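Visitor: Next comes query03.tsv, TSV, C-alpha atoms:
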```tsv
chain	number	residue	atom	x	y	z
W	223	MET	CA	130.66	111.87	254.76
W	224	THR	CA	131.48	114.27	257.58
W	225	ARG	CA	130.83	117.24	255.32
W	226	LEU	CA	127.56	115.80	253.97
W	227	VAL	CA	126.18	115.04	257.44
W	228	GLY	CA	127.21	118.51	258.63
W	229	GLU	CA	125.51	120.20	255.67
W	230	LEU	CA	122.31	118.20	256.15
W	231	ALA	CA	122.23	119.04	259.85
W	232	ALA	CA	122.90	122.75	259.26
W	233	TYR	CA	120.32	123.15	256.48
W	234	ASP	CA	117.37	123.06	258.86
W	235	PRO	CA	117.94	122.56	262.59
W	236	ASN	CA	114.38	121.23	262.98
W	237	ARG	CA	114.97	118.47	260.45
W	238	VAL	CA	115.59	114.87	261.40
W	239	VAL	CA	117.76	113.04	258.90
W	240	LEU	CA	117.59	109.24	258.88
W	241	PHE	CA	120.23	107.02	257.30
W	242	ASP	CA	119.20	103.45	256.58
W	243	ALA	CA	122.47	101.54	256.64
W	244	PRO	CA	123.47	97.90	256.13
W	245	PRO	CA	123.93	95.69	259.20
W	246	LEU	CA	126.61	97.01	261.53
W	247	LEU	CA	128.69	93.83	261.52
W	248	ALA	CA	128.44	93.31	257.77
W	249	ALA	CA	129.71	96.62	256.40
W	250	PRO	CA	132.60	98.79	257.61
W	251	GLU	CA	130.86	101.79	256.01
W	252	THR	CA	128.09	101.47	258.58
W	253	ARG	CA	130.60	101.80	261.43
W	254	ALA	CA	132.07	104.88	259.75
W	255	LEU	CA	128.60	106.40	259.37
W	256	ALA	CA	127.77	105.62	263.01
W	257	ALA	CA	130.63	107.90	264.07
W	258	GLN	CA	129.06	110.83	262.18
W	259	VAL	CA	125.50	110.80	263.51
W	260	GLY	CA	123.87	112.04	266.72
W	261	GLN	CA	121.82	108.93	267.50
W	262	ILE	CA	121.89	105.28	266.51
W	263	VAL	CA	118.93	102.93	266.37
W	264	LEU	CA	120.03	99.30	266.19
W	265	VAL	CA	117.24	97.22	264.65
W	266	ILE	CA	117.14	93.63	265.89
W	267	GLU	CA	115.00	91.00	264.18
W	268	ALA	CA	113.14	88.92	266.76
W	269	GLN	CA	113.67	85.16	266.68
W	270	ARG	CA	116.39	85.51	264.05
W	271	THR	CA	119.25	87.68	265.34
W	272	PRO	CA	121.43	85.68	267.76
W	273	ARG	CA	122.12	87.25	271.14
W	274	ASN	CA	125.90	87.13	270.58
W	275	THR	CA	125.45	89.11	267.35
W	276	VAL	CA	123.50	91.81	269.20
W	277	THR	CA	126.14	91.89	271.94
W	278	GLU	CA	128.96	92.20	269.39
W	279	ALA	CA	127.19	95.01	267.52
W	280	LEU	CA	126.45	96.90	270.74
W	281	GLU	CA	130.09	96.56	271.77
W	282	LEU	CA	131.15	98.31	268.54
W	283	ILE	CA	128.96	101.33	269.27
W	284	LYS	CA	129.16	101.41	273.08
W	285	ASP	CA	131.04	104.72	273.15
W	286	PHE	CA	128.53	106.64	271.05
W	287	PRO	CA	126.35	109.08	273.00
W	288	VAL	CA	122.83	107.85	272.14
W	289	VAL	CA	122.18	104.23	271.18
W	290	MET	CA	118.68	102.78	271.09
W	291	THR	CA	117.47	99.33	270.13
W	292	LEU	CA	114.35	98.40	268.21
W	293	LEU	CA	113.04	94.83	268.21
W	294	ASN	CA	111.06	94.20	265.05
W	295	LYS	CA	109.01	91.32	263.63
W	296	VAL	CA	107.75	90.40	267.10
W	297	HIS	CA	104.73	88.12	267.11
W	298	GLY	CA	102.76	88.54	270.31
W	299	GLY	CA	100.78	85.76	271.85
W	300	ALA	CA	99.23	84.91	275.16
W	301	GLY	CA	101.21	86.63	277.90
W	302	ALA	CA	103.15	88.83	275.49
W	303	GLY	CA	103.76	92.39	276.49
W	304	TYR	CA	106.43	94.90	277.30
W	305	GLY	CA	107.50	96.75	280.36
W	306	TYR	CA	110.27	97.66	282.74
W	307	GLY	CA	110.78	94.31	284.48
W	308	SER	CA	114.03	93.56	282.68
W	309	TYR	CA	114.14	96.79	280.66
W	310	GLY	CA	112.86	95.30	277.47
W	311	TYR	CA	110.35	93.19	275.67
W	312	HIS	CA	108.76	90.32	277.59
W	313	SER	CA	107.25	87.26	276.01
W	314	GLU	CA	107.34	83.53	276.33
W	315	HIS	CA	108.93	83.42	272.90
W	316	GLY	CA	110.53	86.90	272.56
W	317	PHE	CA	114.08	88.16	272.80
W	318	ARG	CA	115.22	88.56	276.42
```
Produce structure tokens that represent the structure in this file.
Guide:
Amino acid sequence: MTRLVGELAAYDPNRVVLFDAPPLLAAPETRALAAQVGQIVLVIEAQRTPRNTVTEALELIKDFPVVMTLLNKVHGGAGAGYGYGSYGYHSEHGFR
């Protein structure tokens, strides 16, 4: 995997290579892949992924240089929005 990632990165320095991997806590291969990439985007399903699961997954990748989170399947309603108040998505019913 190290060789493959290195070859893909060297082929064209302007290229962005995305790996869509299984959930971090479900597959050890995903943790191995995480160690090979430059950035990680942890996708969290709103209203379905428990907070302790997110915390556990983030703990596994806490030492990697760039980790971002993406909250998907968010259904906005009255008062829904996003901002910097608590550094994340704000909603009456959203993940906090």
Visitor: So that I can see what lies close to Val263 of chain W, please list as a PyMOL selection string the residues with an atom at most 10 Å from it, counting all atoms listed in the file and leaving out residues fewer than 5 positions away in the same chain.
Guide: chain W and resi 240+242+256+288-292
Visitor: Please save C-alpha atoms of the selected residues as a PDB file, in the frame of the given file.
Guide:
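Below is the file out33.pdb, written as the result:
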```
ATOM      1  CA  LEU W 240     117.590 109.240 258.880  1.00  0.00           C
ATOM      2  CA  ASP W 242     119.200 103.450 256.580  1.00  0.00           C
ATOM      3  CA  ALA W 256     127.770 105.620 263.010  1.00  0.00           C
ATOM      4  CA  VAL W 288     122.830 107.850 272.140  1.00  0.00           C
ATOM      5  CA  VAL W 289     122.180 104.230 271.180  1.00  0.00           C
ATOM      6  CA  MET W 290     118.680 102.780 271.090  1.00  0.00           C
ATOM      7  CA  THR W 291     117.470  99.330 270.130  1.00  0.00           C
ATOM      8  CA  LEU W 292     114.350  98.400 268.210  1.00  0.00           C
TER       9      LEU W 292
END
```
Visitor: Do a neighbour search on segment 274-285 of chain W at 12 Å with all atoms listed in the file, toss out local chain neighbours closer than 5 positions, and write the hits as a list in words.
Guide: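 The filter keeps Pro245, Leu246, Leu247, Ala248, Ala249, Pro250, Thr252, Arg253, Ala254, Leu255, Ala256, Ala257, Gln258, Val259, Gln261, Ile262, Val263, Leu264, Val265, Ile266, Glu267, Ala268, Met290, Thr291, Leu292, Leu293, Phe317 and Arg318 of chain W.
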Visitor: Edge lengths and centre, in Å to one decimal, as JSON: that's what I need for the box along x, y and z that holds all listed atoms of segment 242-248 of chain W plus 5 Å on each side.
Guide:
```
{"center_x": 123.9, "center_y": 98.4, "center_z": 258.8, "size_x": 19.5, "size_y": 20.1, "size_z": 15.4}
```
Visitor: Pick out the closest residue to Asn294 of chain W from this set: W:Ala231, W:Thr271, W:Gly260, W:Glu251. Count all atoms listed in the file.
Guide: W:Thr271
Visitor: What does the distance between atom CA of Val227 of chain W and atom CA of Val239 of chain W come to in Å, to one decimal place?
Guide: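 Interatomic distance, atom CA of Val227 of chain W to atom CA of Val239 of chain W: 8.8 Å.
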Visitor: Compare W:Ala243, W:Arg270, W:Val238, W:Met223 by their minimum atom-to-atom distance to Lys295 of chain W, counting only C-alpha atoms, and give me the closest one.
Guide: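 Comparing W:Ala243, W:Arg270, W:Val238, W:Met223 against Lys295 of chain W, the winner is W:Arg270.
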